[in-house]
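Printed here is data39.pdb (PDB, C-alpha atoms):
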ATOM      1  CA  MET A  26       0.000   0.000   0.000  1.00  0.00           C
ATOM      2  CA  LEU A  27       1.238   3.462  -0.860  1.00  0.00           C
ATOM      3  CA  LYS A  28       1.743   5.863   2.023  1.00  0.00           C
ATOM      4  CA  GLN A  29       2.050   9.619   1.701  1.00  0.00           C
ATOM      5  CA  TYR A  30       5.370  11.285   2.533  1.00  0.00           C
ATOM      6  CA  GLU A  31       6.860  14.729   2.500  1.00  0.00           C
ATOM      7  CA  THR A  32      10.552  15.240   1.836  1.00  0.00           C
ATOM      8  CA  VAL A  33      12.496  18.476   1.980  1.00  0.00           C
ATOM      9  CA  PHE A  34      16.072  18.674   0.825  1.00  0.00           C
ATOM     10  CA  ILE A  35      18.597  21.483   0.930  1.00  0.00           C
ATOM     11  CA  ALA A  36      20.936  21.707  -2.033  1.00  0.00           C
ATOM     12  CA  THR A  37      24.263  23.504  -2.021  1.00  0.00           C
ATOM     13  CA  PRO A  38      23.944  27.227  -2.908  1.00  0.00           C
ATOM     14  CA  VAL A  39      26.635  27.029  -5.623  1.00  0.00           C
ATOM     15  CA  LEU A  40      24.276  25.287  -8.078  1.00  0.00           C
ATOM     16  CA  SER A  41      23.043  27.098 -11.166  1.00  0.00           C
ATOM     17  CA  GLU A  42      19.312  27.116 -11.862  1.00  0.00           C
ATOM     18  CA  SER A  43      19.682  24.330 -14.452  1.00  0.00           C
ATOM     19  CA  GLN A  44      21.753  22.202 -12.024  1.00  0.00           C
ATOM     20  CA  MET A  45      19.058  22.663  -9.373  1.00  0.00           C
ATOM     21  CA  LYS A  46      16.340  21.615 -11.859  1.00  0.00           C
ATOM     22  CA  GLU A  47      18.467  18.573 -12.719  1.00  0.00           C
ATOM     23  CA  ALA A  48      18.724  17.624  -9.023  1.00  0.00           C
ATOM     24  CA  VAL A  49      14.946  17.981  -8.560  1.00  0.00           C
ATOM     25  CA  ALA A  50      14.271  15.930 -11.708  1.00  0.00           C
ATOM     26  CA  LYS A  51      16.567  13.170 -10.408  1.00  0.00           C
ATOM     27  CA  TYR A  52      14.451  12.732  -7.262  1.00  0.00           C
ATOM     28  CA  THR A  53      11.009  13.146  -8.857  1.00  0.00           C
ATOM     29  CA  ASP A  54      12.029  10.641 -11.589  1.00  0.00           C
ATOM     30  CA  LEU A  55      13.309   8.242  -8.912  1.00  0.00           C
ATOM     31  CA  ILE A  56       9.961   8.409  -7.088  1.00  0.00           C
ATOM     32  CA  LYS A  57       8.047   7.717 -10.332  1.00  0.00           C
ATOM     33  CA  ALA A  58      10.452   4.944 -11.430  1.00  0.00           C
ATOM     34  CA  GLU A  59       9.830   3.104  -8.149  1.00  0.00           C
ATOM     35  CA  GLY A  60       6.050   3.176  -8.655  1.00  0.00           C
ATOM     36  CA  GLY A  61       5.476   6.271  -6.550  1.00  0.00           C
ATOM     37  CA  GLU A  62       3.397   9.314  -7.365  1.00  0.00           C
ATOM     38  CA  VAL A  63       4.437  12.955  -6.914  1.00  0.00           C
ATOM     39  CA  VAL A  64       1.503  14.773  -5.302  1.00  0.00           C
ATOM     40  CA  TYR A  65       2.979  18.255  -4.991  1.00  0.00           C
ATOM     41  CA  GLU A  66       6.272  20.109  -5.407  1.00  0.00           C
ATOM     42  CA  GLN A  67       7.339  23.506  -4.161  1.00  0.00           C
ATOM     43  CA  ASP A  68      10.568  25.380  -4.680  1.00  0.00           C
ATOM     44  CA  TRP A  69      11.292  27.373  -1.535  1.00  0.00           C
ATOM     45  CA  GLY A  70      14.312  29.014  -3.149  1.00  0.00           C
ATOM     46  CA  LEU A  71      17.562  30.167  -1.620  1.00  0.00           C
ATOM     47  CA  ARG A  72      17.303  30.622   2.144  1.00  0.00           C
ATOM     48  CA  LYS A  73      19.651  31.350   4.999  1.00  0.00           C
ATOM     49  CA  LEU A  74      20.520  28.307   7.107  1.00  0.00           C
ATOM     50  CA  ALA A  75      20.065  28.369  10.889  1.00  0.00           C
ATOM     51  CA  TYR A  76      23.735  27.376  11.228  1.00  0.00           C
ATOM     52  CA  PRO A  77      26.544  26.758   8.717  1.00  0.00           C
ATOM     53  CA  ILE A  78      26.574  23.316   7.066  1.00  0.00           C
ATOM     54  CA  GLN A  79      29.772  22.347   5.228  1.00  0.00           C
ATOM     55  CA  LYS A  80      30.887  25.991   5.563  1.00  0.00           C
ATOM     56  CA  LYS A  81      27.745  27.147   3.679  1.00  0.00           C
ATOM     57  CA  THR A  82      25.358  29.674   5.201  1.00  0.00           C
ATOM     58  CA  THR A  83      22.605  29.406   2.554  1.00  0.00           C
ATOM     59  CA  GLY A  84      20.988  26.607   0.567  1.00  0.00           C
ATOM     60  CA  PHE A  85      18.269  25.899  -1.981  1.00  0.00           C
ATOM     61  CA  TYR A  86      15.255  24.369  -0.257  1.00  0.00           C
ATOM     62  CA  TYR A  87      12.883  22.098  -2.175  1.00  0.00           C
ATOM     63  CA  LEU A  88       9.778  20.245  -0.998  1.00  0.00           C
ATOM     64  CA  ILE A  89       8.279  17.153  -2.622  1.00  0.00           C
ATOM     65  CA  GLU A  90       5.075  15.548  -1.380  1.00  0.00           C
ATOM     66  CA  PHE A  91       4.653  12.040  -2.743  1.00  0.00           C
ATOM     67  CA  LYS A  92       3.067   8.624  -2.341  1.00  0.00           C
ATOM     68  CA  ALA A  93       5.293   5.535  -2.290  1.00  0.00           C
ATOM     69  CA  GLU A  94       5.875   2.131  -0.757  1.00  0.00           C
ATOM     70  CA  PRO A  95       7.475   2.416   2.729  1.00  0.00           C
ATOM     71  CA  ALA A  96      10.487   0.361   1.537  1.00  0.00           C
ATOM     72  CA  PHE A  97      11.308   3.080  -1.014  1.00  0.00           C
ATOM     73  CA  ILE A  98      12.264   5.663   1.632  1.00  0.00           C
ATOM     74  CA  SER A  99      15.599   4.026   2.452  1.00  0.00           C
ATOM     75  CA  LYS A 100      16.466   3.964  -1.288  1.00  0.00           C
ATOM     76  CA  LEU A 101      15.619   7.665  -1.562  1.00  0.00           C
ATOM     77  CA  GLU A 102      17.735   8.571   1.458  1.00  0.00           C
ATOM     78  CA  VAL A 103      20.714   6.556   0.178  1.00  0.00           C
ATOM     79  CA  GLN A 104      20.523   8.610  -3.026  1.00  0.00           C
ATOM     80  CA  TYR A 105      20.453  11.858  -0.991  1.00  0.00           C
ATOM     81  CA  ARG A 106      23.549  10.763   0.967  1.00  0.00           C
ATOM     82  CA  ARG A 107      25.461   9.883  -2.219  1.00  0.00           C
ATOM     83  CA  ASP A 108      24.604  13.174  -3.925  1.00  0.00           C
ATOM     84  CA  GLU A 109      27.210  15.844  -3.154  1.00  0.00           C
ATOM     85  CA  ARG A 110      24.681  18.533  -4.186  1.00  0.00           C
ATOM     86  CA  ILE A 111      22.433  17.698  -1.193  1.00  0.00           C
ATOM     87  CA  ILE A 112      23.615  19.075   2.150  1.00  0.00           C
ATOM     88  CA  ARG A 113      20.583  18.133   4.297  1.00  0.00           C
ATOM     89  CA  PHE A 114      17.298  16.278   3.878  1.00  0.00           C
ATOM     90  CA  LEU A 115      14.299  15.229   5.936  1.00  0.00           C
ATOM     91  CA  THR A 116      11.575  12.777   4.947  1.00  0.00           C
ATOM     92  CA  PHE A 117       8.566  11.970   7.059  1.00  0.00           C
ATOM     93  CA  ALA A 118       5.381   9.934   6.725  1.00  0.00           C
ATOM     94  CA  MET A 119       2.265  12.074   6.730  1.00  0.00           C
ATOM     95  CA  ASP A 120      -0.750  11.009   8.761  1.00  0.00           C
ATOM     96  CA  LYS A 121      -4.290  12.025   7.752  1.00  0.00           C
ATOM     97  CA  HIS A 122      -4.004  15.289   9.719  1.00  0.00           C
ATOM     98  CA  ALA A 123      -0.745  16.290   8.004  1.00  0.00           C
ATOM     99  CA  ILE A 124      -2.262  15.455   4.595  1.00  0.00           C
ATOM    100  CA  ALA A 125      -5.366  17.564   5.346  1.00  0.00           C
ATOM    101  CA  TYR A 126      -3.172  20.438   6.565  1.00  0.00           C
ATOM    102  CA  ALA A 127      -0.990  20.282   3.425  1.00  0.00           C
ATOM    103  CA  GLU A 128      -4.062  20.322   1.167  1.00  0.00           C
ATOM    104  CA  LYS A 129      -5.473  23.312   3.040  1.00  0.00           C
ATOM    105  CA  ARG A 130      -2.122  25.122   2.813  1.00  0.00           C
ATOM    106  CA  ARG A 131      -1.994  24.479  -0.953  1.00  0.00           C
ATOM    107  CA  SER A 132      -5.522  25.760  -1.532  1.00  0.00           C
ATOM    108  CA  ASN A 133      -4.619  28.950   0.368  1.00  0.00           C
ATOM    109  CA  LEU A 134      -1.568  29.434  -1.868  1.00  0.00           C
ATOM    110  CA  GLU A 135      -3.629  29.090  -5.025  1.00  0.00           C
ATOM    111  CA  LYS A 136      -6.023  31.902  -4.053  1.00  0.00           C
TER
END
Turn this file's structure into structure tokens for me.
Amino acid sequence: MLKQYETVFIATPVLSESQMKEAVAKYTDLIKAEGGEVVYEQDWGLRKLAYPIQKKTTGFYYLIEFKAEPAFISKLEVQYRRDERIIRFLTFAMDKHAIAYAEKRRSNLEK
């Protein structure tokens, strides 16, 4: 059974716009290739980090909401760890309340 997840990753600030798009495509394609479904994506852009990571003070934040098999998450996180463009990531399973909140947040953005 597919569960719904939300993943946010922070990419190194030295990437060009096309390199960032390439990184995003890698992960959305990986989700789809493993039988998952991308529900929503949002580019949060370049933001200041709370503390320096790998001597960087900013990073490109990107959110992907998706449905996938629970076993897929470890594969996704291995790919994040191997990718030198990604400096931090967080993936969590969404319960029905988180899903409802995300849908409400999206509908507010579209207005």
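Listed by chain and then by number, the residues chosen by the PyMOL selection byres ((chain A and resi 28) around 8) in this file are A:Met26, A:Leu27, A:Gln29, A:Tyr30, A:Lys92, A:Ala93, A:Glu94, A:Pro95, A:Ala118, A:Met119.
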Would you export the selected residues with C-alpha atoms as an mmCIF file, keeping the file's coordinate frame, please?
data_model
loop_
_atom_site.group_PDB
_atom_site.id
_atom_site.type_symbol
_atom_site.label_atom_id
_atom_site.label_comp_id
_atom_site.auth_asym_id
_atom_site.auth_seq_id
_atom_site.Cartn_x
_atom_site.Cartn_y
_atom_site.Cartn_z
ATOM 1 C CA MET A 26 0.000 0.000 0.000
ATOM 2 C CA LEU A 27 1.238 3.462 -0.860
ATOM 3 C CA GLN A 29 2.050 9.619 1.701
ATOM 4 C CA TYR A 30 5.370 11.285 2.533
ATOM 5 C CA LYS A 92 3.067 8.624 -2.341
ATOM 6 C CA ALA A 93 5.293 5.535 -2.290
ATOM 7 C CA GLU A 94 5.875 2.131 -0.757
ATOM 8 C CA PRO A 95 7.475 2.416 2.729
ATOM 9 C CA ALA A 118 5.381 9.934 6.725
ATOM 10 C CA MET A 119 2.265 12.074 6.730
#
Explicit residues for the PyMOL selection byres ((chain A and resi 49) around 10) (as a PDB file with C-alpha atoms, in the frame of the given file):
ATOM      1  CA  PHE A  34      16.072  18.674   0.825  1.00  0.00           C
ATOM      2  CA  ALA A  36      20.936  21.707  -2.033  1.00  0.00           C
ATOM      3  CA  SER A  43      19.682  24.330 -14.452  1.00  0.00           C
ATOM      4  CA  GLN A  44      21.753  22.202 -12.024  1.00  0.00           C
ATOM      5  CA  MET A  45      19.058  22.663  -9.373  1.00  0.00           C
ATOM      6  CA  LYS A  46      16.340  21.615 -11.859  1.00  0.00           C
ATOM      7  CA  GLU A  47      18.467  18.573 -12.719  1.00  0.00           C
ATOM      8  CA  ALA A  48      18.724  17.624  -9.023  1.00  0.00           C
ATOM      9  CA  ALA A  50      14.271  15.930 -11.708  1.00  0.00           C
ATOM     10  CA  LYS A  51      16.567  13.170 -10.408  1.00  0.00           C
ATOM     11  CA  TYR A  52      14.451  12.732  -7.262  1.00  0.00           C
ATOM     12  CA  THR A  53      11.009  13.146  -8.857  1.00  0.00           C
ATOM     13  CA  ASP A  54      12.029  10.641 -11.589  1.00  0.00           C
ATOM     14  CA  LEU A  55      13.309   8.242  -8.912  1.00  0.00           C
ATOM     15  CA  GLU A  66       6.272  20.109  -5.407  1.00  0.00           C
ATOM     16  CA  ASP A  68      10.568  25.380  -4.680  1.00  0.00           C
ATOM     17  CA  TYR A  87      12.883  22.098  -2.175  1.00  0.00           C
ATOM     18  CA  LEU A  88       9.778  20.245  -0.998  1.00  0.00           C
ATOM     19  CA  ILE A  89       8.279  17.153  -2.622  1.00  0.00           C
TER      20      ILE A  89
END
request  = Find the distance between atom CA of Phe97 of chain A and atom CA of Glu128 of chain A and write it in Å to one decimal.
outcome  =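 So the two atoms, atom CA of Phe97 of chain A and atom CA of Glu128 of chain A, lie 23.2 Å apart.
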query = Could you pull the residues within 12 Å of Thr83 of chain A, counting only C-alpha atoms, minus those fewer than 3 positions along the same chain, as a VMD selection string?
reply = chain A and resid 35 to 40 70 to 80 86 112 to 113
Take every atom of segment 45-51 of chain A listed in the file, pad by 8 Å on each side, and give me the axis-aligned box centre and edge lengths in Å, one decimal, as JSON.
{"center_x": 16.7, "center_y": 17.9, "center_z": -10.6, "size_x": 20.8, "size_y": 25.5, "size_z": 20.2}
request  = Rank nothing, just name the residue among A:Thr32, A:Gly61, A:Glu42, A:Gln67 nearest to Arg131 of chain A, using all atoms listed in the file.
outcome  =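 Distance minimum relative to Arg131 of chain A lands on A:Gln67.
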query = In Å, with one decimal, what is the gap from atom CA of Phe85 of chain A to atom CA of His122 of chain A?
reply =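 Spanning atom CA of Phe85 of chain A to atom CA of His122 of chain A is a straight-line distance of 27.3 Å.
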ask   = Rounded to one decimal in Å, what is the spacing between atom CA of Glu102 of chain A and atom CA of Glu31 of chain A?
value = 12.5 Å
Please produce segment 26-43 of chain A, completed to N, CA, C and O atoms, as a JSON list (two decimals), in the coordinates of the input.
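Saved the output as selection-v2.json:
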[["chain", "number", "residue", "atom", "x", "y", "z"],
["A", 26, "MET", "N", 0.84, -1.21, 0.00],
["A", 26, "MET", "CA", 0.00, 0.00, 0.00],
["A", 26, "MET", "C", 0.87, 1.25, 0.00],
["A", 26, "MET", "O", 1.87, 1.32, 0.72],
["A", 27, "LEU", "N", 0.47, 2.22, -0.80],
["A", 27, "LEU", "CA", 1.24, 3.46, -0.86],
["A", 27, "LEU", "C", 0.90, 4.34, 0.34],
["A", 27, "LEU", "O", -0.27, 4.47, 0.72],
["A", 28, "LYS", "N", 1.92, 4.91, 0.93],
["A", 28, "LYS", "CA", 1.74, 5.86, 2.02],
["A", 28, "LYS", "C", 2.17, 7.23, 1.50],
["A", 28, "LYS", "O", 2.94, 7.32, 0.55],
["A", 29, "GLN", "N", 1.68, 8.27, 2.14],
["A", 29, "GLN", "CA", 2.05, 9.62, 1.70],
["A", 29, "GLN", "C", 3.20, 10.14, 2.55],
["A", 29, "GLN", "O", 3.21, 10.00, 3.77],
["A", 30, "TYR", "N", 4.18, 10.75, 1.88],
["A", 30, "TYR", "CA", 5.37, 11.28, 2.53],
["A", 30, "TYR", "C", 5.61, 12.71, 2.07],
["A", 30, "TYR", "O", 5.14, 13.13, 1.03],
["A", 31, "GLU", "N", 6.40, 13.40, 2.87],
["A", 31, "GLU", "CA", 6.86, 14.73, 2.50],
["A", 31, "GLU", "C", 8.37, 14.70, 2.70],
["A", 31, "GLU", "O", 8.85, 14.23, 3.72],
["A", 32, "THR", "N", 9.10, 15.16, 1.70],
["A", 32, "THR", "CA", 10.55, 15.24, 1.84],
["A", 32, "THR", "C", 10.99, 16.65, 1.49],
["A", 32, "THR", "O", 10.44, 17.26, 0.57],
["A", 33, "VAL", "N", 11.90, 17.17, 2.26],
["A", 33, "VAL", "CA", 12.50, 18.48, 1.98],
["A", 33, "VAL", "C", 13.99, 18.24, 1.92],
["A", 33, "VAL", "O", 14.56, 17.60, 2.79],
["A", 34, "PHE", "N", 14.62, 18.75, 0.86],
["A", 34, "PHE", "CA", 16.07, 18.67, 0.82],
["A", 34, "PHE", "C", 16.66, 20.05, 0.62],
["A", 34, "PHE", "O", 16.00, 20.95, 0.10],
["A", 35, "ILE", "N", 17.88, 20.22, 1.10],
["A", 35, "ILE", "CA", 18.60, 21.48, 0.93],
["A", 35, "ILE", "C", 19.79, 21.19, 0.04],
["A", 35, "ILE", "O", 20.61, 20.32, 0.35],
["A", 36, "ALA", "N", 19.83, 21.89, -1.09],
["A", 36, "ALA", "CA", 20.94, 21.71, -2.03],
["A", 36, "ALA", "C", 21.95, 22.82, -1.83],
["A", 36, "ALA", "O", 21.62, 23.93, -1.38],
["A", 37, "THR", "N", 23.19, 22.53, -2.18],
["A", 37, "THR", "CA", 24.26, 23.50, -2.02],
["A", 37, "THR", "C", 23.97, 24.78, -2.80],
["A", 37, "THR", "O", 23.43, 24.72, -3.92],
["A", 38, "PRO", "N", 24.29, 25.95, -2.25],
["A", 38, "PRO", "CA", 23.94, 27.23, -2.91],
["A", 38, "PRO", "C", 24.78, 27.52, -4.16],
["A", 38, "PRO", "O", 24.47, 28.48, -4.87],
["A", 39, "VAL", "N", 25.79, 26.74, -4.46],
["A", 39, "VAL", "CA", 26.64, 27.03, -5.62],
["A", 39, "VAL", "C", 26.04, 26.51, -6.93],
["A", 39, "VAL", "O", 26.59, 26.75, -8.00],
["A", 40, "LEU", "N", 24.89, 25.83, -6.86],
["A", 40, "LEU", "CA", 24.28, 25.29, -8.08],
["A", 40, "LEU", "C", 23.66, 26.38, -8.94],
["A", 40, "LEU", "O", 23.11, 27.35, -8.42],
["A", 41, "SER", "N", 23.74, 26.19, -10.25],
["A", 41, "SER", "CA", 23.04, 27.10, -11.17],
["A", 41, "SER", "C", 21.58, 26.66, -11.18],
["A", 41, "SER", "O", 21.23, 25.60, -10.67],
["A", 42, "GLU", "N", 20.73, 27.46, -11.80],
["A", 42, "GLU", "CA", 19.31, 27.12, -11.86],
["A", 42, "GLU", "C", 19.10, 25.79, -12.60],
["A", 42, "GLU", "O", 18.31, 24.96, -12.18],
["A", 43, "SER", "N", 19.85, 25.58, -13.69],
["A", 43, "SER", "CA", 19.68, 24.33, -14.45],
["A", 43, "SER", "C", 20.18, 23.12, -13.65],
["A", 43, "SER", "O", 19.60, 22.04, -13.72]]
